[in-house]
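Engineer: mmCIF, C-alpha atoms, saved as input-v5.cif, coming up:
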data_coords
loop_
_atom_site.group_PDB
_atom_site.id
_atom_site.type_symbol
_atom_site.label_atom_id
_atom_site.label_comp_id
_atom_site.auth_asym_id
_atom_site.auth_seq_id
_atom_site.Cartn_x
_atom_site.Cartn_y
_atom_site.Cartn_z
ATOM 1 C CA MET A 1 81.114 112.263 89.892
ATOM 2 C CA ALA A 2 77.328 111.975 89.671
ATOM 3 C CA GLY A 3 75.510 109.615 92.016
ATOM 4 C CA GLN A 4 76.693 107.882 95.157
ATOM 5 C CA PRO A 5 79.759 105.633 94.858
ATOM 6 C CA ASP A 6 79.557 102.031 95.946
ATOM 7 C CA ILE A 7 82.974 102.308 97.607
ATOM 8 C CA SER A 8 85.192 105.160 98.754
ATOM 9 C CA ILE A 9 88.890 104.224 98.768
ATOM 10 C CA ILE A 10 90.999 106.293 101.165
ATOM 11 C CA ILE A 11 94.744 106.410 100.462
ATOM 12 C CA PRO A 12 96.824 108.069 103.223
ATOM 13 C CA ALA A 13 100.166 109.051 101.738
ATOM 14 C CA TYR A 14 103.415 110.415 103.138
ATOM 15 C CA ARG A 15 106.584 110.705 101.035
ATOM 16 C CA ALA A 16 105.020 108.186 98.663
ATOM 17 C CA ALA A 17 105.839 109.682 95.278
ATOM 18 C CA ALA A 18 107.508 106.452 94.114
ATOM 19 C CA THR A 19 104.667 104.060 94.993
ATOM 20 C CA LEU A 20 101.510 106.190 94.925
ATOM 21 C CA PRO A 21 101.009 106.012 91.117
ATOM 22 C CA ASP A 22 100.805 102.203 91.256
ATOM 23 C CA ALA A 23 98.337 102.370 94.150
ATOM 24 C CA ILE A 24 96.111 104.806 92.240
ATOM 25 C CA GLN A 25 96.339 102.802 89.031
ATOM 26 C CA SER A 26 95.242 99.651 90.851
ATOM 27 C CA CYS A 27 92.118 101.549 91.929
ATOM 28 C CA ARG A 28 91.426 102.803 88.424
ATOM 29 C CA ALA A 29 91.756 99.253 87.096
ATOM 30 C CA GLN A 30 89.027 97.859 89.352
ATOM 31 C CA THR A 31 86.250 95.974 87.578
ATOM 32 C CA LEU A 32 83.844 97.746 89.936
ATOM 33 C CA SER A 33 83.900 101.215 88.415
ATOM 34 C CA ASN A 34 81.448 103.055 90.684
ATOM 35 C CA ILE A 35 84.110 104.154 93.149
ATOM 36 C CA GLU A 36 85.833 107.271 94.374
ATOM 37 C CA VAL A 37 89.474 107.513 95.394
ATOM 38 C CA ILE A 38 90.433 109.969 98.127
ATOM 39 C CA VAL A 39 94.180 110.606 98.393
ATOM 40 C CA VAL A 40 95.232 112.394 101.590
ATOM 41 C CA ASP A 41 98.747 113.826 101.632
ATOM 42 C CA ASP A 42 99.877 113.697 105.267
ATOM 43 C CA ALA A 43 101.946 116.902 104.968
ATOM 44 C CA SER A 44 104.754 115.386 102.901
ATOM 45 C CA PRO A 45 107.777 117.713 102.653
ATOM 46 C CA GLU A 46 107.005 118.021 98.949
ATOM 47 C CA SER A 47 103.310 118.003 98.060
ATOM 48 C CA LEU A 48 102.025 114.914 96.265
ATOM 49 C CA ASP A 49 99.505 116.979 94.320
ATOM 50 C CA GLY A 50 101.488 116.763 91.086
ATOM 51 C CA VAL A 51 101.984 113.016 91.469
ATOM 52 C CA VAL A 52 98.241 112.520 91.917
ATOM 53 C CA ARG A 53 97.349 114.753 88.966
ATOM 54 C CA THR A 54 99.713 112.810 86.726
ATOM 55 C CA ALA A 55 98.521 109.420 87.927
ATOM 56 C CA ALA A 56 94.849 110.328 87.797
ATOM 57 C CA SER A 57 94.987 112.017 84.405
ATOM 58 C CA THR A 58 91.403 113.086 83.632
ATOM 59 C CA ASP A 59 89.731 110.589 85.965
ATOM 60 C CA PRO A 60 87.102 112.555 87.965
ATOM 61 C CA ARG A 61 86.885 109.767 90.543
ATOM 62 C CA ILE A 62 90.242 110.791 92.036
ATOM 63 C CA GLN A 63 90.275 113.462 94.767
ATOM 64 C CA PHE A 64 93.256 115.021 96.509
ATOM 65 C CA TYR A 65 93.500 116.645 99.942
ATOM 66 C CA ARG A 66 96.533 117.738 101.941
ATOM 67 C CA LEU A 67 96.891 118.049 105.690
ATOM 68 C CA PRO A 68 98.690 121.197 106.895
ATOM 69 C CA GLU A 69 100.594 119.198 109.535
ATOM 70 C CA ASN A 70 101.658 115.560 109.729
ATOM 71 C CA GLN A 71 99.101 113.556 111.703
ATOM 72 C CA GLY A 72 100.082 109.996 110.876
ATOM 73 C CA PRO A 73 97.935 107.418 109.079
ATOM 74 C CA SER A 74 95.060 107.763 111.554
ATOM 75 C CA GLY A 75 94.723 111.505 111.023
ATOM 76 C CA ALA A 76 94.966 111.143 107.244
ATOM 77 C CA ARG A 77 92.313 108.430 107.187
ATOM 78 C CA ASN A 78 90.018 110.437 109.433
ATOM 79 C CA LEU A 79 90.191 113.369 107.016
ATOM 80 C CA GLY A 80 89.347 110.961 104.195
ATOM 81 C CA LEU A 81 86.327 109.730 106.166
ATOM 82 C CA THR A 82 84.902 113.253 106.296
ATOM 83 C CA TYR A 83 84.851 113.436 102.483
ATOM 84 C CA ALA A 84 83.821 109.837 101.748
ATOM 85 C CA ARG A 85 80.387 109.345 100.146
ATOM 86 C CA GLY A 86 80.465 105.643 99.313
ATOM 87 C CA ASP A 87 78.260 102.969 100.820
ATOM 88 C CA PHE A 88 81.473 101.273 101.936
ATOM 89 C CA ILE A 89 84.872 102.593 103.043
ATOM 90 C CA ALA A 90 88.085 100.915 101.925
ATOM 91 C CA VAL A 91 91.609 101.842 102.955
ATOM 92 C CA LEU A 92 94.656 101.371 100.732
ATOM 93 C CA ASP A 93 98.172 102.161 101.936
ATOM 94 C CA ALA A 94 100.173 104.182 99.437
ATOM 95 C CA ASP A 95 102.786 101.443 98.925
ATOM 96 C CA ASP A 96 100.234 98.662 98.383
ATOM 97 C CA THR A 97 97.961 97.745 95.466
ATOM 98 C CA LEU A 98 94.631 96.033 94.780
ATOM 99 C CA MET A 99 93.969 93.120 92.456
ATOM 100 C CA PRO A 100 91.513 94.139 89.700
ATOM 101 C CA ASP A 101 88.496 92.131 90.892
ATOM 102 C CA ARG A 102 88.955 92.747 94.600
ATOM 103 C CA LEU A 103 86.345 95.421 95.215
ATOM 104 C CA ALA A 104 83.706 93.777 93.023
ATOM 105 C CA ARG A 105 84.172 90.494 94.905
ATOM 106 C CA LEU A 106 84.005 92.070 98.370
ATOM 107 C CA HIS A 107 81.104 94.322 97.455
ATOM 108 C CA GLY A 108 79.206 91.255 96.258
ATOM 109 C CA LEU A 109 79.993 89.443 99.515
ATOM 110 C CA ALA A 110 78.716 92.413 101.532
ATOM 111 C CA ARG A 111 75.532 92.524 99.497
ATOM 112 C CA ASP A 112 74.873 88.789 99.780
ATOM 113 C CA SER A 113 75.729 88.491 103.497
ATOM 114 C CA ASN A 114 74.446 91.907 104.613
ATOM 115 C CA ALA A 115 77.663 92.177 106.643
ATOM 116 C CA ASP A 116 78.889 95.477 108.095
ATOM 117 C CA ILE A 117 82.521 94.507 107.423
ATOM 118 C CA VAL A 118 84.010 92.347 104.674
ATOM 119 C CA ALA A 119 87.676 91.466 104.338
ATOM 120 C CA ASP A 120 89.900 89.167 102.332
ATOM 121 C CA ASN A 121 93.288 87.525 102.593
ATOM 122 C CA LEU A 122 96.403 89.465 101.675
ATOM 123 C CA ILE A 123 99.092 88.688 99.163
ATOM 124 C CA SER A 124 102.303 89.462 101.029
ATOM 125 C CA VAL A 125 105.382 90.557 99.097
ATOM 126 C CA GLN A 126 108.645 90.785 101.028
ATOM 127 C CA GLU A 127 110.685 93.647 99.601
ATOM 128 C CA GLY A 128 114.408 93.717 100.145
ATOM 129 C CA GLY A 129 114.485 90.151 101.452
ATOM 130 C CA SER A 130 116.106 87.041 100.062
ATOM 131 C CA ASP A 131 112.795 85.671 98.745
ATOM 132 C CA PRO A 132 110.568 88.237 97.003
ATOM 133 C CA SER A 133 107.988 85.600 95.984
ATOM 134 C CA PRO A 134 104.430 86.625 96.917
ATOM 135 C CA TYR A 135 102.566 84.387 99.334
ATOM 136 C CA PRO A 136 99.194 84.458 101.136
ATOM 137 C CA PHE A 137 99.392 86.239 104.481
ATOM 138 C CA LEU A 138 96.856 83.972 106.188
ATOM 139 C CA SER A 139 96.938 80.199 105.827
ATOM 140 C CA LEU A 140 93.472 79.866 104.307
ATOM 141 C CA ASP A 141 92.132 77.516 101.655
ATOM 142 C CA PRO A 142 91.055 79.845 98.808
ATOM 143 C CA ASN A 143 88.372 77.325 97.806
ATOM 144 C CA GLN A 144 86.581 77.580 101.134
ATOM 145 C CA SER A 145 83.474 79.682 101.618
ATOM 146 C CA PRO A 146 83.658 83.041 103.417
ATOM 147 C CA ARG A 147 83.541 82.697 107.177
ATOM 148 C CA PRO A 148 82.428 85.009 109.984
ATOM 149 C CA VAL A 149 85.015 86.697 112.177
ATOM 150 C CA ARG A 150 84.267 87.577 115.789
ATOM 151 C CA LEU A 151 86.015 89.924 118.196
ATOM 152 C CA LEU A 152 87.686 87.034 120.006
ATOM 153 C CA ASP A 153 89.116 85.788 116.690
ATOM 154 C CA LEU A 154 90.708 89.205 116.190
ATOM 155 C CA MET A 155 92.060 89.438 119.729
ATOM 156 C CA ARG A 156 93.566 85.951 119.659
ATOM 157 C CA SER A 157 94.954 86.167 116.128
ATOM 158 C CA GLY A 158 98.718 85.999 115.937
ATOM 159 C CA HIS A 159 98.872 84.460 119.417
ATOM 160 C CA GLY A 160 96.685 81.378 119.121
ATOM 161 C CA GLY A 161 93.289 80.370 117.830
ATOM 162 C CA PRO A 162 92.620 79.625 114.139
ATOM 163 C CA PHE A 163 94.705 82.519 112.799
ATOM 164 C CA SER A 164 98.479 82.345 113.184
ATOM 165 C CA GLN A 165 98.902 85.899 111.832
ATOM 166 C CA SER A 166 97.222 89.002 113.228
ATOM 167 C CA LEU A 167 93.924 89.916 111.579
ATOM 168 C CA GLY A 168 94.817 93.516 112.405
ATOM 169 C CA TYR A 169 96.842 93.615 109.183
ATOM 170 C CA LEU A 170 93.740 93.105 107.041
ATOM 171 C CA LYS A 171 92.277 96.007 105.086
ATOM 172 C CA PRO A 172 88.507 95.450 105.339
ATOM 173 C CA LEU A 173 85.623 97.295 103.736
ATOM 174 C CA PHE A 174 83.385 98.973 106.341
ATOM 175 C CA ARG A 175 79.758 99.913 105.820
ATOM 176 C CA ARG A 176 79.800 103.701 106.127
ATOM 177 C CA SER A 177 76.365 103.883 107.765
ATOM 178 C CA PHE A 178 77.641 101.638 110.594
ATOM 179 C CA LEU A 179 80.701 103.830 111.165
ATOM 180 C CA GLU A 180 78.609 107.000 111.224
ATOM 181 C CA ARG A 181 75.951 105.481 113.484
ATOM 182 C CA HIS A 182 78.596 104.608 116.073
ATOM 183 C CA GLY A 183 80.827 107.655 115.496
ATOM 184 C CA LEU A 184 83.861 105.507 114.732
ATOM 185 C CA THR A 185 87.143 107.073 113.638
ATOM 186 C CA TYR A 186 90.792 106.026 113.809
ATOM 187 C CA ASP A 187 92.658 106.745 117.044
ATOM 188 C CA PRO A 188 94.787 109.830 116.249
ATOM 189 C CA GLY A 189 97.157 108.962 119.086
ATOM 190 C CA LEU A 190 98.323 105.774 117.381
ATOM 191 C CA ARG A 191 100.748 105.381 114.483
ATOM 192 C CA ASN A 192 100.897 101.623 114.889
ATOM 193 C CA SER A 193 98.046 99.100 115.289
ATOM 194 C CA GLU A 194 95.466 101.741 114.353
ATOM 195 C CA ASP A 195 93.854 99.251 111.946
ATOM 196 C CA TYR A 196 93.508 96.673 114.702
ATOM 197 C CA PHE A 197 91.771 99.020 117.131
ATOM 198 C CA PHE A 198 89.484 100.489 114.472
ATOM 199 C CA LEU A 199 88.315 96.967 113.620
ATOM 200 C CA ALA A 200 88.061 95.984 117.297
ATOM 201 C CA GLU A 201 85.905 99.030 118.070
ATOM 202 C CA ALA A 202 83.517 98.062 115.266
ATOM 203 C CA LEU A 203 83.291 94.420 116.342
ATOM 204 C CA VAL A 204 82.735 95.199 120.016
ATOM 205 C CA ARG A 205 79.801 97.366 118.953
ATOM 206 C CA GLY A 206 78.168 94.438 117.215
ATOM 207 C CA ALA A 207 79.383 94.697 113.625
ATOM 208 C CA GLU A 208 78.973 91.533 111.560
ATOM 209 C CA MET A 209 82.193 90.642 109.702
ATOM 210 C CA MET A 210 82.823 88.145 106.924
ATOM 211 C CA LEU A 211 86.266 87.022 105.745
ATOM 212 C CA CYS A 212 86.839 85.867 102.166
ATOM 213 C CA PRO A 213 89.781 83.421 101.938
ATOM 214 C CA GLN A 214 90.700 84.542 98.419
ATOM 215 C CA PRO A 215 93.441 87.201 98.467
ATOM 216 C CA GLY A 216 92.882 90.527 96.743
ATOM 217 C CA TYR A 217 95.060 93.066 98.572
ATOM 218 C CA VAL A 218 98.782 93.143 97.735
ATOM 219 C CA TYR A 219 100.662 94.033 100.905
ATOM 220 C CA ARG A 220 104.309 95.022 100.569
ATOM 221 C CA ARG A 221 106.349 94.046 103.605
ATOM 222 C CA HIS A 222 109.650 95.849 103.963
ATOM 223 C CA SER A 223 112.565 93.919 105.410
ATOM 224 C CA ALA A 224 113.388 95.200 108.877
ATOM 225 C CA SER A 225 116.819 94.943 110.411
ATOM 226 C CA ILE A 226 117.592 94.226 114.041
ATOM 227 C CA SER A 227 117.785 97.977 114.566
ATOM 228 C CA TYR A 228 114.091 98.563 114.031
ATOM 229 C CA ARG A 229 110.722 96.918 114.549
ATOM 230 C CA ILE A 230 108.618 99.487 116.383
ATOM 231 C CA ASP A 231 109.552 102.544 118.388
ATOM 232 C CA PRO A 232 109.531 101.613 122.110
ATOM 233 C CA ALA A 233 107.352 104.603 122.989
ATOM 234 C CA GLU A 234 104.884 103.630 120.269
ATOM 235 C CA ALA A 235 104.761 100.053 121.570
ATOM 236 C CA LEU A 236 103.893 101.412 125.018
ATOM 237 C CA ARG A 237 101.142 103.541 123.479
ATOM 238 C CA VAL A 238 99.695 100.428 121.848
ATOM 239 C CA ALA A 239 99.844 98.597 125.198
ATOM 240 C CA SER A 240 98.065 101.532 126.836
ATOM 241 C CA ALA A 241 95.423 101.565 124.092
ATOM 242 C CA GLU A 242 94.802 97.860 124.712
ATOM 243 C CA ARG A 243 94.343 98.494 128.426
ATOM 244 C CA MET A 244 91.958 101.397 127.728
ATOM 245 C CA PHE A 245 89.963 99.273 125.274
ATOM 246 C CA ARG A 246 89.532 96.586 127.927
ATOM 247 C CA GLN A 247 88.453 99.100 130.563
ATOM 248 C CA CYS A 248 86.099 101.007 128.260
ATOM 249 C CA HIS A 249 84.277 97.884 127.080
ATOM 250 C CA ARG A 250 84.507 95.797 130.245
ATOM 251 C CA ALA A 251 80.743 95.273 130.372
ATOM 252 C CA SER A 252 80.738 93.866 126.825
ATOM 253 C CA LEU A 253 83.766 91.603 127.161
ATOM 254 C CA SER A 254 83.684 87.997 128.316
ATOM 255 C CA PRO A 255 86.412 86.528 130.545
ATOM 256 C CA ALA A 256 88.002 85.064 127.386
ATOM 257 C CA HIS A 257 88.052 88.511 125.786
ATOM 258 C CA ARG A 258 89.701 90.023 128.848
ATOM 259 C CA VAL A 259 92.359 87.284 128.973
ATOM 260 C CA ALA A 260 93.175 87.837 125.297
ATOM 261 C CA SER A 261 93.340 91.606 125.813
ATOM 262 C CA ARG A 262 95.678 91.326 128.792
ATOM 263 C CA ARG A 263 97.913 89.012 126.775
ATOM 264 C CA ARG A 264 98.124 91.566 123.983
ATOM 265 C CA GLU A 265 98.993 94.289 126.478
ATOM 266 C CA VAL A 266 101.756 92.183 128.030
ATOM 267 C CA MET A 267 103.168 91.288 124.607
ATOM 268 C CA MET A 268 103.369 94.943 123.552
ATOM 269 C CA THR A 269 104.953 95.923 126.870
ATOM 270 C CA ARG A 270 107.608 93.235 126.414
ATOM 271 C CA LEU A 271 108.152 94.342 122.839
ATOM 272 C CA ALA A 272 108.777 97.883 124.095
ATOM 273 C CA GLN A 273 111.380 96.514 126.525
ATOM 274 C CA PHE A 274 113.076 94.583 123.728
ATOM 275 C CA GLU A 275 113.160 97.528 121.349
ATOM 276 C CA GLU A 276 114.561 99.778 124.055
ATOM 277 C CA ALA A 277 117.375 97.255 124.558
ATOM 278 C CA VAL A 278 118.020 97.181 120.790
ATOM 279 C CA THR A 279 118.248 100.979 120.768
ATOM 280 C CA ARG A 280 120.839 100.873 123.555
ATOM 281 C CA VAL A 281 122.870 98.193 121.733
ATOM 282 C CA ARG A 282 122.948 100.328 118.593
ATOM 283 C CA ARG A 283 124.382 103.138 120.680
ATOM 284 C CA GLY A 284 127.047 100.825 122.082
ATOM 285 C CA HIS A 285 125.516 100.598 125.559
ATOM 286 C CA TRP A 286 125.583 96.814 125.866
ATOM 287 C CA ALA A 287 125.671 96.699 129.654
ATOM 288 C CA SER A 288 122.749 99.076 129.926
ATOM 289 C CA ALA A 289 120.775 97.002 127.406
ATOM 290 C CA LEU A 290 121.431 93.783 129.325
ATOM 291 C CA TRP A 291 120.528 95.377 132.638
ATOM 292 C CA GLY A 292 117.300 96.732 131.136
ATOM 293 C CA LEU A 293 116.244 93.229 130.123
ATOM 294 C CA LEU A 294 117.311 91.626 133.402
ATOM 295 C CA LYS A 295 115.042 94.016 135.284
ATOM 296 C CA HIS A 296 112.123 92.059 133.801
ATOM 297 C CA PRO A 297 112.949 88.401 134.542
ATOM 298 C CA THR A 298 109.473 87.146 133.624
ATOM 299 C CA SER A 299 110.020 88.508 130.096
ATOM 300 C CA LEU A 300 113.412 86.903 129.459
ATOM 301 C CA GLY A 301 111.954 83.966 127.556
ATOM 302 C CA PHE A 302 110.124 86.352 125.227
ATOM 303 C CA HIS A 303 113.274 88.403 124.665
ATOM 304 C CA LEU A 304 115.391 85.336 123.919
ATOM 305 C CA ARG A 305 112.874 84.050 121.363
ATOM 306 C CA LYS A 306 112.778 87.515 119.797
ATOM 307 C CA VAL A 307 116.565 87.625 119.433
ATOM 308 C CA ILE A 308 116.625 84.168 117.833
ATOM 309 C CA LYS A 309 113.854 85.159 115.413
ATOM 310 C CA VAL A 310 115.631 88.359 114.358
ATOM 311 C CA LEU A 311 118.953 86.547 113.887
ATOM 312 C CA ASN A 312 117.260 83.904 111.745
ATOM 313 C CA GLN A 313 115.668 86.640 109.614
ATOM 314 C CA ARG A 314 119.006 88.340 109.112
ATOM 315 C CA ARG A 315 120.623 85.015 108.238
ATOM 316 C CA GLY A 316 117.912 84.382 105.620
#
As a first step, turn the structure in this file into structure tokens.

Structural biologist:
Amino acid sequence: MAGQPDISIIIPAYRAAATLPDAIQSCRAQTLSNIEVIVVDDASPESLDGVVRTAASTDPRIQFYRLPENQGPSGARNLGLTYARGDFIAVLDADDTLMPDRLARLHGLARDSNADIVADNLISVQEGGSDPSPYPFLSLDPNQSPRPVRLLDLMRSGHGGPFSQSLGYLKPLFRRSFLERHGLTYDPGLRNSEDYFFLAEALVRGAEMMLCPQPGYVYRRHSASISYRIDPAEALRVASAERMFRQCHRASLSPAHRVASRRREVMMTRLAQFEEAVTRVRRGHWASALWGLLKHPTSLGFHLRKVIKVLNQRRG
């Protein structure tokens, strides 16, 4: 494709033959046409090359790359970053889609605000649940004007502050020159919360972020049973990443930032304890599961609320 794209869309894909065509088509249908789409196959057992060729047809804006070994979403996105030429970088998960005017709207917001990061609300679709109706992920008035988002907003989101859901789920557009100037890439050691930490690293380095309340990203949420939320080891890695973030940027963080970071670390540590107990229950080791939870008496309230929440979800 001649010229520099306005936006490079990176799609990390693993075993996504069923959903990838819809993701690609939603990119091709964008009203902003000066884009490139970079599909990175994260070493799927069967290559997605044929799926991409079929979905892309003769569209020269679609590129395909394949990792020789599975590296998780962070590794796949990082490979996409090395090939991206757009002024802005967008990420699209292979089982999600974009609304047709999304990129044009966000690109216009970035141009008008001169922001380094622009994001929008999500349309959440619960797949496999009792109510498949789409709904906005964040409780925002779509008629309101875009608002700035600070690091503390991100760190408190989902646990207090103005955002009841975590802003780490958002799929922002990042100004590529900012990412390159600060050498930012996704943490290859994480397969969960990598979006959160990528955004946090940008904000702590002074990136200006604007949030558009109108939704444009369709996020498919898959119903999870009591047997699975997050691997306990992965939850501990996220807790460790939070602790490392706090230590690395201590000089830049206010007391409020540090309190919010410690809270996130504690929450992920407790989640790891809960998921370890669930794993033991699934194996029939009820006594071991109970003893594992009782070893952390200060976390019992969290674990009880978690059990009630999961049971309510299963009942619904």

Engineer: With segment 15-30 of chain A as the partner and 12 Å as the cut-off, tabulate the residues of segment 103-148 of chain A that qualify, each row holding the nearest pair of atoms and their distance in Å to one decimal, using all atoms listed in the file, sorted by chain and rising number, as a tab-separated table.

Structural biologist:
residue	atom	partner	partner_atom	distance
A:Leu103	CA	A:Gln30	CA	6.9
A:Ala104	CA	A:Gln30	CA	7.6
A:Arg105	CA	A:Gln30	CA	10.4
A:Leu106	CA	A:Gln30	CA	11.8
A:His107	CA	A:Gln30	CA	11.9

Engineer: Between atom CA of Arg147 of chain A and atom CA of His249 of chain A, measure the distance and give it in Å to one decimal.

Structural biologist: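 Interatomic distance here is 25.0 Å.
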
Engineer: What is the distance, in Å and to one decimal place, between atom CA of Pro188 of chain A and atom CA of Ser74 of chain A?

Structural biologist: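 These atoms are spaced 5.1 Å apart.
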
Engineer: Taking all atoms listed in the file into account, name the residue in A:Ile11, A:Asn192, A:Leu152, A:Tyr65 that is nearest to Pro255 of chain A.

Structural biologist: A:Leu152

Engineer: Once you count only C-alpha atoms, what closest atom pair and distance in Å to one decimal does each residue of segment 216-266 of chain A within 12 Å of segment 203-208 of chain A have, with rows by chain and rising residue number, as CSV?

Structural biologist:
residue,atom,partner,partner_atom,distance
A:Phe245,CA,A:Val204,CA,9.8
A:Arg246,CA,A:Val204,CA,10.5
A:Cys248,CA,A:Val204,CA,10.6
A:His249,CA,A:Val204,CA,7.7
A:Arg250,CA,A:Val204,CA,10.4
A:Ala251,CA,A:Val204,CA,10.5
A:Ser252,CA,A:Val204,CA,7.2
A:Leu253,CA,A:Val204,CA,8.1
A:Ser254,CA,A:Val204,CA,11.0
A:His257,CA,A:Val204,CA,10.3

Engineer: If we count all atoms listed in the file and set the cut-off at 9 Å, which residues sit around Pro12 of chain A, ignoring sequence neighbours fewer than 3 positions away in its own chain? Please answer as a list in words.

Structural biologist: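 Listing them by chain and then by number gives Ile38, Val39, Val40, Asp41, Asp42, Gly72, Pro73, Ser74, Gly75, Ala76, Arg77, Gly80, Val91, Leu92, Asp93 and Ala94 of chain A.
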
Engineer: Restricting the calculation to all atoms listed in the file, which member of A:Leu236, A:Val125, A:Cys212, A:Ala90 is positioned closest to Asp195 of chain A?

Structural biologist: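 Smallest separation from Asp195 of chain A among the options: A:Ala90.
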